[in-house]
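Everything below belongs to my_file.cif, which stores mmCIF, N, CA and C atoms.
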data_upload
loop_
_atom_site.label_atom_id
_atom_site.label_comp_id
_atom_site.auth_asym_id
_atom_site.auth_seq_id
_atom_site.Cartn_x
_atom_site.Cartn_y
_atom_site.Cartn_z
N MET A 1 107.11 -2.06 255.53
CA MET A 1 105.69 -1.79 255.58
C MET A 1 104.97 -2.95 256.26
N HIS A 2 104.18 -2.68 257.23
CA HIS A 2 103.44 -3.69 257.97
C HIS A 2 102.10 -3.96 257.27
N VAL A 3 101.81 -5.22 257.07
CA VAL A 3 100.56 -5.62 256.42
C VAL A 3 99.63 -6.18 257.49
N ASP A 4 98.43 -5.65 257.54
CA ASP A 4 97.43 -6.11 258.50
C ASP A 4 96.81 -7.41 258.00
N ASP A 5 96.86 -8.47 258.81
CA ASP A 5 96.34 -9.78 258.41
C ASP A 5 94.85 -9.73 258.08
N ARG A 6 94.10 -8.86 258.73
CA ARG A 6 92.66 -8.81 258.50
C ARG A 6 92.31 -8.23 257.14
N SER A 7 93.23 -7.47 256.55
CA SER A 7 92.94 -6.84 255.27
C SER A 7 93.27 -7.76 254.08
N LEU A 8 93.94 -8.86 254.35
CA LEU A 8 94.32 -9.76 253.26
C LEU A 8 93.17 -10.70 252.92
N PHE A 9 92.94 -10.85 251.63
CA PHE A 9 91.88 -11.74 251.15
C PHE A 9 92.37 -13.18 251.19
N PHE A 10 91.56 -14.10 251.59
CA PHE A 10 91.90 -15.53 251.67
C PHE A 10 93.07 -15.79 252.60
N ASN A 11 93.06 -15.18 253.77
CA ASN A 11 94.11 -15.45 254.73
C ASN A 11 93.53 -16.18 255.93
N LYS A 12 93.04 -17.37 255.68
CA LYS A 12 92.48 -18.21 256.74
C LYS A 12 93.03 -19.62 256.60
N LEU A 13 93.18 -20.27 257.72
CA LEU A 13 93.72 -21.63 257.74
C LEU A 13 92.86 -22.57 256.88
N GLY A 14 91.55 -22.39 256.93
CA GLY A 14 90.64 -23.25 256.17
C GLY A 14 90.85 -23.16 254.67
N TYR A 15 91.10 -21.95 254.17
CA TYR A 15 91.38 -21.80 252.74
C TYR A 15 92.65 -22.54 252.35
N GLY A 16 93.65 -22.45 253.18
CA GLY A 16 94.90 -23.15 252.91
C GLY A 16 94.72 -24.65 252.93
N LEU A 17 93.92 -25.14 253.87
CA LEU A 17 93.65 -26.58 253.92
C LEU A 17 92.94 -27.05 252.66
N ILE A 18 91.97 -26.28 252.21
CA ILE A 18 91.25 -26.64 250.98
C ILE A 18 92.21 -26.68 249.81
N VAL A 19 93.03 -25.64 249.65
CA VAL A 19 94.00 -25.61 248.55
C VAL A 19 94.98 -26.76 248.68
N GLY A 20 95.42 -27.05 249.90
CA GLY A 20 96.39 -28.11 250.13
C GLY A 20 95.87 -29.50 249.83
N PHE A 21 94.56 -29.70 249.94
CA PHE A 21 93.99 -31.01 249.62
C PHE A 21 93.50 -31.09 248.17
N VAL A 22 93.05 -29.99 247.61
CA VAL A 22 92.52 -29.99 246.25
C VAL A 22 93.63 -30.06 245.21
N THR A 23 94.73 -29.36 245.44
CA THR A 23 95.83 -29.33 244.46
C THR A 23 96.35 -30.74 244.14
N PRO A 24 96.69 -31.57 245.12
CA PRO A 24 97.14 -32.93 244.77
C PRO A 24 96.05 -33.76 244.08
N ALA A 25 94.80 -33.56 244.48
CA ALA A 25 93.71 -34.30 243.83
C ALA A 25 93.61 -33.94 242.36
N VAL A 26 93.74 -32.66 242.05
CA VAL A 26 93.69 -32.21 240.65
C VAL A 26 94.86 -32.80 239.86
N PHE A 27 96.05 -32.77 240.44
CA PHE A 27 97.20 -33.31 239.74
C PHE A 27 97.12 -34.83 239.59
N PHE A 28 96.50 -35.52 240.56
CA PHE A 28 96.28 -36.96 240.44
C PHE A 28 95.36 -37.26 239.27
N LEU A 29 94.30 -36.46 239.14
CA LEU A 29 93.37 -36.64 238.02
C LEU A 29 94.02 -36.28 236.68
N LEU A 30 94.83 -35.22 236.67
CA LEU A 30 95.53 -34.86 235.44
C LEU A 30 96.51 -35.94 235.01
N TYR A 31 97.20 -36.53 235.98
CA TYR A 31 98.11 -37.65 235.67
C TYR A 31 97.33 -38.81 235.07
N TYR A 32 96.16 -39.09 235.65
CA TYR A 32 95.32 -40.16 235.12
C TYR A 32 94.88 -39.86 233.69
N ILE A 33 94.41 -38.65 233.45
CA ILE A 33 93.88 -38.29 232.13
C ILE A 33 94.96 -38.34 231.06
N PHE A 34 96.12 -37.76 231.36
CA PHE A 34 97.16 -37.68 230.33
C PHE A 34 97.98 -38.95 230.18
N ARG A 35 98.09 -39.75 231.23
CA ARG A 35 98.93 -40.94 231.14
C ARG A 35 98.12 -42.21 230.89
N PHE A 36 96.94 -42.31 231.50
CA PHE A 36 96.14 -43.54 231.43
C PHE A 36 94.70 -43.25 231.03
N GLY A 37 94.48 -42.30 230.16
CA GLY A 37 93.14 -41.90 229.77
C GLY A 37 92.31 -43.01 229.15
N GLN A 38 92.98 -44.02 228.57
CA GLN A 38 92.24 -45.09 227.92
C GLN A 38 91.64 -46.07 228.93
N LEU A 39 92.12 -46.09 230.17
CA LEU A 39 91.59 -46.97 231.20
C LEU A 39 90.47 -46.27 231.96
N SER A 40 89.58 -47.06 232.54
CA SER A 40 88.61 -46.46 233.44
C SER A 40 89.33 -46.09 234.73
N PHE A 41 88.73 -45.20 235.50
CA PHE A 41 89.39 -44.75 236.72
C PHE A 41 89.58 -45.90 237.70
N ALA A 42 88.62 -46.81 237.78
CA ALA A 42 88.73 -47.97 238.67
C ALA A 42 89.89 -48.87 238.22
N ASP A 43 90.01 -49.09 236.91
CA ASP A 43 91.13 -49.89 236.40
C ASP A 43 92.46 -49.21 236.67
N TYR A 44 92.48 -47.90 236.57
CA TYR A 44 93.69 -47.12 236.84
C TYR A 44 94.12 -47.30 238.30
N LEU A 45 93.18 -47.18 239.22
CA LEU A 45 93.50 -47.38 240.63
C LEU A 45 93.96 -48.80 240.91
N ARG A 46 93.27 -49.77 240.29
CA ARG A 46 93.66 -51.17 240.46
C ARG A 46 95.07 -51.41 239.93
N PHE A 47 95.39 -50.81 238.79
CA PHE A 47 96.74 -50.94 238.23
C PHE A 47 97.79 -50.37 239.18
N LEU A 48 97.50 -49.19 239.74
CA LEU A 48 98.46 -48.57 240.65
C LEU A 48 98.69 -49.41 241.90
N VAL A 49 97.62 -49.99 242.43
CA VAL A 49 97.76 -50.81 243.64
C VAL A 49 98.48 -52.11 243.33
N GLU A 50 98.09 -52.78 242.23
CA GLU A 50 98.69 -54.07 241.89
C GLU A 50 100.16 -53.94 241.51
N SER A 51 100.51 -52.86 240.86
CA SER A 51 101.91 -52.67 240.45
C SER A 51 102.74 -51.96 241.53
N LYS A 52 102.11 -51.70 242.68
CA LYS A 52 102.76 -51.06 243.82
C LYS A 52 103.36 -49.70 243.47
N LYS A 53 102.63 -48.95 242.65
CA LYS A 53 103.06 -47.61 242.25
C LYS A 53 102.19 -46.51 242.84
N LEU A 54 101.18 -46.88 243.62
CA LEU A 54 100.28 -45.89 244.19
C LEU A 54 101.02 -44.91 245.09
N VAL A 55 101.90 -45.42 245.93
CA VAL A 55 102.64 -44.56 246.85
C VAL A 55 103.55 -43.61 246.07
N ASN A 56 104.17 -44.11 244.99
CA ASN A 56 105.04 -43.26 244.17
C ASN A 56 104.25 -42.12 243.53
N VAL A 57 103.09 -42.43 242.98
CA VAL A 57 102.28 -41.41 242.31
C VAL A 57 101.76 -40.41 243.33
N LEU A 58 101.31 -40.89 244.48
CA LEU A 58 100.82 -39.98 245.52
C LEU A 58 101.93 -39.06 246.01
N SER A 59 103.13 -39.59 246.11
CA SER A 59 104.26 -38.76 246.53
C SER A 59 104.53 -37.65 245.52
N LEU A 60 104.39 -37.96 244.26
CA LEU A 60 104.65 -36.96 243.22
C LEU A 60 103.57 -35.89 243.15
N VAL A 61 102.31 -36.28 243.35
CA VAL A 61 101.24 -35.29 243.20
C VAL A 61 101.15 -34.34 244.40
N VAL A 62 101.86 -34.62 245.48
CA VAL A 62 101.90 -33.70 246.61
C VAL A 62 102.88 -32.56 246.35
N LEU A 63 103.86 -32.78 245.50
CA LEU A 63 104.87 -31.76 245.21
C LEU A 63 104.30 -30.43 244.70
N PRO A 64 103.26 -30.42 243.87
CA PRO A 64 102.73 -29.12 243.41
C PRO A 64 102.18 -28.24 244.52
N ASN A 65 102.02 -28.76 245.74
CA ASN A 65 101.60 -27.91 246.86
C ASN A 65 102.65 -26.85 247.17
N LEU A 66 103.85 -27.04 246.68
CA LEU A 66 104.91 -26.05 246.90
C LEU A 66 104.56 -24.71 246.27
N ALA A 67 103.94 -24.72 245.09
CA ALA A 67 103.61 -23.47 244.39
C ALA A 67 102.61 -22.61 245.18
N PRO A 68 101.44 -23.14 245.59
CA PRO A 68 100.54 -22.28 246.37
C PRO A 68 101.13 -21.89 247.72
N PHE A 69 101.91 -22.78 248.32
CA PHE A 69 102.54 -22.43 249.60
C PHE A 69 103.46 -21.23 249.43
N MET A 70 104.31 -21.26 248.42
CA MET A 70 105.23 -20.14 248.20
C MET A 70 104.48 -18.86 247.83
N LEU A 71 103.45 -18.99 247.00
CA LEU A 71 102.66 -17.80 246.64
C LEU A 71 101.99 -17.18 247.86
N LEU A 72 101.45 -18.01 248.72
CA LEU A 72 100.76 -17.49 249.91
C LEU A 72 101.75 -16.88 250.90
N ILE A 73 102.87 -17.52 251.11
CA ILE A 73 103.86 -17.00 252.04
C ILE A 73 104.44 -15.68 251.52
N ASN A 74 104.75 -15.63 250.22
CA ASN A 74 105.34 -14.41 249.66
C ASN A 74 104.35 -13.25 249.57
N SER A 75 103.06 -13.54 249.65
CA SER A 75 102.07 -12.46 249.65
C SER A 75 101.55 -12.19 251.07
N SER A 76 102.29 -12.64 252.07
CA SER A 76 102.00 -12.41 253.49
C SER A 76 100.68 -13.02 253.95
N ARG A 77 100.26 -14.05 253.32
CA ARG A 77 99.06 -14.78 253.76
C ARG A 77 99.52 -16.01 254.55
N TYR A 78 100.05 -15.74 255.74
CA TYR A 78 100.70 -16.78 256.53
C TYR A 78 99.73 -17.82 257.05
N SER A 79 98.51 -17.44 257.38
CA SER A 79 97.54 -18.42 257.87
C SER A 79 97.16 -19.42 256.78
N SER A 80 96.93 -18.93 255.57
CA SER A 80 96.62 -19.84 254.46
C SER A 80 97.83 -20.71 254.12
N GLY A 81 99.01 -20.13 254.17
CA GLY A 81 100.23 -20.91 253.92
C GLY A 81 100.39 -22.01 254.95
N ARG A 82 100.04 -21.70 256.19
CA ARG A 82 100.09 -22.70 257.25
C ARG A 82 99.10 -23.83 256.97
N GLY A 83 97.95 -23.48 256.40
CA GLY A 83 96.96 -24.50 256.04
C GLY A 83 97.47 -25.43 254.95
N VAL A 84 98.12 -24.85 253.92
CA VAL A 84 98.68 -25.68 252.85
C VAL A 84 99.76 -26.60 253.42
N LEU A 85 100.60 -26.07 254.29
CA LEU A 85 101.65 -26.87 254.90
C LEU A 85 101.06 -27.99 255.76
N THR A 86 100.01 -27.68 256.51
CA THR A 86 99.35 -28.69 257.34
C THR A 86 98.76 -29.81 256.48
N ALA A 87 98.10 -29.44 255.40
CA ALA A 87 97.52 -30.44 254.50
C ALA A 87 98.62 -31.31 253.89
N THR A 88 99.74 -30.69 253.52
CA THR A 88 100.83 -31.44 252.92
C THR A 88 101.43 -32.43 253.92
N VAL A 89 101.58 -32.01 255.17
CA VAL A 89 102.12 -32.90 256.20
C VAL A 89 101.14 -34.06 256.44
N LEU A 90 99.86 -33.77 256.51
CA LEU A 90 98.86 -34.84 256.69
C LEU A 90 98.88 -35.82 255.53
N GLU A 91 99.00 -35.30 254.31
CA GLU A 91 99.10 -36.18 253.15
C GLU A 91 100.37 -37.01 253.21
N GLY A 92 101.45 -36.42 253.68
CA GLY A 92 102.70 -37.16 253.84
C GLY A 92 102.57 -38.30 254.84
N VAL A 93 101.85 -38.06 255.93
CA VAL A 93 101.63 -39.11 256.93
C VAL A 93 100.81 -40.25 256.32
N VAL A 94 99.78 -39.91 255.55
CA VAL A 94 98.97 -40.94 254.89
C VAL A 94 99.82 -41.74 253.91
N ILE A 95 100.66 -41.07 253.14
CA ILE A 95 101.54 -41.76 252.19
C ILE A 95 102.51 -42.67 252.92
N PHE A 96 103.05 -42.20 254.04
CA PHE A 96 103.97 -43.00 254.84
C PHE A 96 103.28 -44.26 255.35
N ILE A 97 102.04 -44.12 255.82
CA ILE A 97 101.29 -45.29 256.30
C ILE A 97 101.00 -46.25 255.15
N LEU A 98 100.59 -45.71 253.99
CA LEU A 98 100.30 -46.56 252.83
C LEU A 98 101.54 -47.31 252.35
N LYS A 99 102.70 -46.72 252.54
CA LYS A 99 103.95 -47.35 252.12
C LYS A 99 104.13 -48.70 252.80
N PHE A 100 103.70 -48.80 254.04
CA PHE A 100 103.89 -50.04 254.78
C PHE A 100 102.66 -50.95 254.75
N VAL A 101 101.50 -50.40 254.38
CA VAL A 101 100.28 -51.21 254.34
C VAL A 101 100.14 -51.90 252.99
N LEU A 102 100.46 -51.19 251.91
CA LEU A 102 100.28 -51.77 250.56
C LEU A 102 101.49 -52.53 250.11
#
Could you show the structure in this file as structure tokens?
Amino acid sequence: MHVDDRSLFFNKLGYGLIVGFVTPAVFFLLYYIFRFGQLSFADYLRFLVESKKLVNVLSLVVLPNLAPFMLLINSSRYSSGRGVLTATVLEGVVIFILKFVL
């Protein structure tokens, strides 16, 4: 059965980019709340930078992008899936650069 791309809801590159950038941000905040809730957010960031764990945490919070990517691809929303993949690759490039800067 052929699915018409125009009939699919949320099948735009922009939606995928938004999901691809928001998902890691949400998981970064959830990690902060559940693991370091007693610290202020500024102290939390300072701790991550000083202990050289920022890159590790950022690498882990990008992994949940796999779930929306798979959901979008399996529901034939290829443009949105491409957006999530693009956001994930861009985040990976930023993490790679931070690895050598910090």
Near region 80-83 of chain A, 6.5 Å: region 9-73 of chain A residue rows, closest pairs, only N, CA and C atoms, as a Markdown table:
| residue | atom | partner | partner_atom | distance |
| --- | --- | --- | --- | --- |
| A:Phe10 | C | A:Ser80 | CA | 5.7 |
| A:Asn11 | C | A:Ser80 | N | 4.4 |
| A:Lys12 | C | A:Ser80 | N | 4.1 |
| A:Leu13 | N | A:Ser80 | N | 4.5 |
| A:Gly14 | N | A:Gly83 | CA | 5.9 |
| A:Tyr15 | C | A:Ser80 | CA | 5.2 |
| A:Gly16 | C | A:Gly83 | C | 3.5 |
| A:Leu17 | N | A:Gly83 | C | 3.7 |
| A:Ile18 | N | A:Gly83 | C | 6.2 |
| A:Gly20 | CA | A:Gly83 | C | 5.6 |
| A:Pro68 | C | A:Gly81 | CA | 6.3 |
| A:Phe69 | CA | A:Gly81 | CA | 5.1 |
| A:Leu72 | C | A:Gly81 | CA | 5.3 |
| A:Ile73 | N | A:Gly81 | CA | 5.1 |
Among the residues A:Ala67, A:Leu29, A:Val19, A:Val49, the one that comes closest to Leu102 (chain A) [using all atoms listed in the file]: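 Looking only at the distances to Leu102 (chain A), the closest residue turns out to be A:Val49.
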Hey, what comes out of the PyMOL selection byres (((chain A and resi 55 and name CA) around 9) and name CA) on this file? Could you write it as an MDAnalysis selection string? chainID A and resid 48:49 52:54 56:60 95:96 98:99 102
By how many Å are atom N of Val26 (chain A) and CA of Pro64 (chain A) apart?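 For atom N of Val26 (chain A) relative to CA of Pro64 (chain A), the distance reads 9.8 Å.
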Mind telling me what the PyMOL selection byres (((chain A and resi 88 and name CA) around 9) and name CA) catches here, as a PyMOL selection string? chain A and resi 17+20-21+62-63+65+83-87+89-93
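Between CA of Val94 (chain A) and atom N of Asn74 (chain A) the interatomic distance comes to 26.4 Å.
Our summary of the geometry notes that CA of Val101 (chain A) is positioned 26.5 Å from CA of Ile33 (chain A).
Shortest atom-to-atom contact with Ala25 (chain A) among A:Phe47, A:Phe41, A:Phe9, A:Val61: A:Val61, counting all atoms listed in the file.
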Which of region 40-90 of chain A fall in alpha helix (DSSP H), as a PDB file with N, CA and C atoms, in the coordinates of the input:
ATOM      1  N   PHE A  41      88.730 -45.200 235.500  1.00  0.00           N
ATOM      2  CA  PHE A  41      89.390 -44.750 236.720  1.00  0.00           C
ATOM      3  C   PHE A  41      89.580 -45.900 237.700  1.00  0.00           C
ATOM      4  N   ALA A  42      88.620 -46.810 237.780  1.00  0.00           N
ATOM      5  CA  ALA A  42      88.730 -47.970 238.670  1.00  0.00           C
ATOM      6  C   ALA A  42      89.890 -48.870 238.220  1.00  0.00           C
ATOM      7  N   ASP A  43      90.010 -49.090 236.910  1.00  0.00           N
ATOM      8  CA  ASP A  43      91.130 -49.890 236.400  1.00  0.00           C
ATOM      9  C   ASP A  43      92.460 -49.210 236.670  1.00  0.00           C
ATOM     10  N   TYR A  44      92.480 -47.900 236.570  1.00  0.00           N
ATOM     11  CA  TYR A  44      93.690 -47.120 236.840  1.00  0.00           C
ATOM     12  C   TYR A  44      94.120 -47.300 238.300  1.00  0.00           C
ATOM     13  N   LEU A  45      93.180 -47.180 239.220  1.00  0.00           N
ATOM     14  CA  LEU A  45      93.500 -47.380 240.630  1.00  0.00           C
ATOM     15  C   LEU A  45      93.960 -48.800 240.910  1.00  0.00           C
ATOM     16  N   ARG A  46      93.270 -49.770 240.290  1.00  0.00           N
ATOM     17  CA  ARG A  46      93.660 -51.170 240.460  1.00  0.00           C
ATOM     18  C   ARG A  46      95.070 -51.410 239.930  1.00  0.00           C
ATOM     19  N   PHE A  47      95.390 -50.810 238.790  1.00  0.00           N
ATOM     20  CA  PHE A  47      96.740 -50.940 238.230  1.00  0.00           C
ATOM     21  C   PHE A  47      97.790 -50.370 239.180  1.00  0.00           C
ATOM     22  N   LEU A  48      97.500 -49.190 239.740  1.00  0.00           N
ATOM     23  CA  LEU A  48      98.460 -48.570 240.650  1.00  0.00           C
ATOM     24  C   LEU A  48      98.690 -49.410 241.900  1.00  0.00           C
ATOM     25  N   VAL A  49      97.620 -49.990 242.430  1.00  0.00           N
ATOM     26  CA  VAL A  49      97.760 -50.810 243.640  1.00  0.00           C
ATOM     27  C   VAL A  49      98.480 -52.110 243.330  1.00  0.00           C
ATOM     28  N   GLU A  50      98.090 -52.780 242.230  1.00  0.00           N
ATOM     29  CA  GLU A  50      98.690 -54.070 241.890  1.00  0.00           C
ATOM     30  C   GLU A  50     100.160 -53.940 241.510  1.00  0.00           C
ATOM     31  N   LEU A  54     101.180 -46.880 243.620  1.00  0.00           N
ATOM     32  CA  LEU A  54     100.280 -45.890 244.190  1.00  0.00           C
ATOM     33  C   LEU A  54     101.020 -44.910 245.090  1.00  0.00           C
ATOM     34  N   VAL A  55     101.900 -45.420 245.930  1.00  0.00           N
ATOM     35  CA  VAL A  55     102.640 -44.560 246.850  1.00  0.00           C
ATOM     36  C   VAL A  55     103.550 -43.610 246.070  1.00  0.00           C
ATOM     37  N   ASN A  56     104.170 -44.110 244.990  1.00  0.00           N
ATOM     38  CA  ASN A  56     105.040 -43.260 244.170  1.00  0.00           C
ATOM     39  C   ASN A  56     104.250 -42.120 243.530  1.00  0.00           C
ATOM     40  N   VAL A  57     103.090 -42.430 242.980  1.00  0.00           N
ATOM     41  CA  VAL A  57     102.280 -41.410 242.310  1.00  0.00           C
ATOM     42  C   VAL A  57     101.760 -40.410 243.330  1.00  0.00           C
ATOM     43  N   LEU A  58     101.310 -40.890 244.480  1.00  0.00           N
ATOM     44  CA  LEU A  58     100.820 -39.980 245.520  1.00  0.00           C
ATOM     45  C   LEU A  58     101.930 -39.060 246.010  1.00  0.00           C
ATOM     46  N   SER A  59     103.130 -39.590 246.110  1.00  0.00           N
ATOM     47  CA  SER A  59     104.260 -38.760 246.530  1.00  0.00           C
ATOM     48  C   SER A  59     104.530 -37.650 245.520  1.00  0.00           C
ATOM     49  N   LEU A  60     104.390 -37.960 244.260  1.00  0.00           N
ATOM     50  CA  LEU A  60     104.650 -36.960 243.220  1.00  0.00           C
ATOM     51  C   LEU A  60     103.570 -35.890 243.150  1.00  0.00           C
ATOM     52  N   VAL A  61     102.310 -36.280 243.350  1.00  0.00           N
ATOM     53  CA  VAL A  61     101.240 -35.290 243.200  1.00  0.00           C
ATOM     54  C   VAL A  61     101.150 -34.340 244.400  1.00  0.00           C
ATOM     55  N   VAL A  62     101.860 -34.620 245.480  1.00  0.00           N
ATOM     56  CA  VAL A  62     101.900 -33.700 246.610  1.00  0.00           C
ATOM     57  C   VAL A  62     102.880 -32.560 246.350  1.00  0.00           C
ATOM     58  N   LEU A  66     103.850 -27.040 246.680  1.00  0.00           N
ATOM     59  CA  LEU A  66     104.910 -26.050 246.900  1.00  0.00           C
ATOM     60  C   LEU A  66     104.560 -24.710 246.270  1.00  0.00           C
ATOM     61  N   ALA A  67     103.940 -24.720 245.090  1.00  0.00           N
ATOM     62  CA  ALA A  67     103.610 -23.470 244.390  1.00  0.00           C
ATOM     63  C   ALA A  67     102.610 -22.610 245.180  1.00  0.00           C
ATOM     64  N   PRO A  68     101.440 -23.140 245.590  1.00  0.00           N
ATOM     65  CA  PRO A  68     100.540 -22.280 246.370  1.00  0.00           C
ATOM     66  C   PRO A  68     101.130 -21.890 247.720  1.00  0.00           C
ATOM     67  N   PHE A  69     101.910 -22.780 248.320  1.00  0.00           N
ATOM     68  CA  PHE A  69     102.540 -22.430 249.600  1.00  0.00           C
ATOM     69  C   PHE A  69     103.460 -21.230 249.430  1.00  0.00           C
ATOM     70  N   MET A  70     104.310 -21.260 248.420  1.00  0.00           N
ATOM     71  CA  MET A  70     105.230 -20.140 248.200  1.00  0.00           C
ATOM     72  C   MET A  70     104.480 -18.860 247.830  1.00  0.00           C
ATOM     73  N   LEU A  71     103.450 -18.990 247.000  1.00  0.00           N
ATOM     74  CA  LEU A  71     102.660 -17.800 246.640  1.00  0.00           C
ATOM     75  C   LEU A  71     101.990 -17.180 247.860  1.00  0.00           C
ATOM     76  N   LEU A  72     101.450 -18.010 248.720  1.00  0.00           N
ATOM     77  CA  LEU A  72     100.760 -17.490 249.910  1.00  0.00           C
ATOM     78  C   LEU A  72     101.750 -16.880 250.900  1.00  0.00           C
ATOM     79  N   ILE A  73     102.870 -17.520 251.110  1.00  0.00           N
ATOM     80  CA  ILE A  73     103.860 -17.000 252.040  1.00  0.00           C
ATOM     81  C   ILE A  73     104.440 -15.680 251.520  1.00  0.00           C
ATOM     82  N   ASN A  74     104.750 -15.630 250.220  1.00  0.00           N
ATOM     83  CA  ASN A  74     105.340 -14.410 249.660  1.00  0.00           C
ATOM     84  C   ASN A  74     104.350 -13.250 249.570  1.00  0.00           C
ATOM     85  N   TYR A  78     100.050 -15.740 255.740  1.00  0.00           N
ATOM     86  CA  TYR A  78     100.700 -16.780 256.530  1.00  0.00           C
ATOM     87  C   TYR A  78      99.730 -17.820 257.050  1.00  0.00           C
ATOM     88  N   SER A  79      98.510 -17.440 257.380  1.00  0.00           N
ATOM     89  CA  SER A  79      97.540 -18.420 257.870  1.00  0.00           C
ATOM     90  C   SER A  79      97.160 -19.420 256.780  1.00  0.00           C
ATOM     91  N   SER A  80      96.930 -18.930 255.570  1.00  0.00           N
ATOM     92  CA  SER A  80      96.620 -19.840 254.460  1.00  0.00           C
ATOM     93  C   SER A  80      97.830 -20.710 254.120  1.00  0.00           C
ATOM     94  N   GLY A  81      99.010 -20.130 254.170  1.00  0.00           N
ATOM     95  CA  GLY A  81     100.230 -20.910 253.920  1.00  0.00           C
ATOM     96  C   GLY A  81     100.390 -22.010 254.950  1.00  0.00           C
ATOM     97  N   ARG A  82     100.040 -21.700 256.190  1.00  0.00           N
ATOM     98  CA  ARG A  82     100.090 -22.700 257.250  1.00  0.00           C
ATOM     99  C   ARG A  82      99.100 -23.830 256.970  1.00  0.00           C
ATOM    100  N   GLY A  83      97.950 -23.480 256.400  1.00  0.00           N
ATOM    101  CA  GLY A  83      96.960 -24.500 256.040  1.00  0.00           C
ATOM    102  C   GLY A  83      97.470 -25.430 254.950  1.00  0.00           C
ATOM    103  N   VAL A  84      98.120 -24.850 253.920  1.00  0.00           N
ATOM    104  CA  VAL A  84      98.680 -25.680 252.850  1.00  0.00           C
ATOM    105  C   VAL A  84      99.760 -26.600 253.420  1.00  0.00           C
ATOM    106  N   LEU A  85     100.600 -26.070 254.290  1.00  0.00           N
ATOM    107  CA  LEU A  85     101.650 -26.870 254.900  1.00  0.00           C
ATOM    108  C   LEU A  85     101.060 -27.990 255.760  1.00  0.00           C
ATOM    109  N   THR A  86     100.010 -27.680 256.510  1.00  0.00           N
ATOM    110  CA  THR A  86      99.350 -28.690 257.340  1.00  0.00           C
ATOM    111  C   THR A  86      98.760 -29.810 256.480  1.00  0.00           C
ATOM    112  N   ALA A  87      98.100 -29.440 255.400  1.00  0.00           N
ATOM    113  CA  ALA A  87      97.520 -30.440 254.500  1.00  0.00           C
ATOM    114  C   ALA A  87      98.620 -31.310 253.890  1.00  0.00           C
ATOM    115  N   THR A  88      99.740 -30.690 253.520  1.00  0.00           N
ATOM    116  CA  THR A  88     100.830 -31.440 252.920  1.00  0.00           C
ATOM    117  C   THR A  88     101.430 -32.430 253.920  1.00  0.00           C
ATOM    118  N   VAL A  89     101.580 -32.010 255.170  1.00  0.00           N
ATOM    119  CA  VAL A  89     102.120 -32.900 256.200  1.00  0.00           C
ATOM    120  C   VAL A  89     101.140 -34.060 256.440  1.00  0.00           C
ATOM    121  N   LEU A  90      99.860 -33.770 256.510  1.00  0.00           N
ATOM    122  CA  LEU A  90      98.860 -34.840 256.690  1.00  0.00           C
ATOM    123  C   LEU A  90      98.880 -35.820 255.530  1.00  0.00           C
TER     124      LEU A  90
END
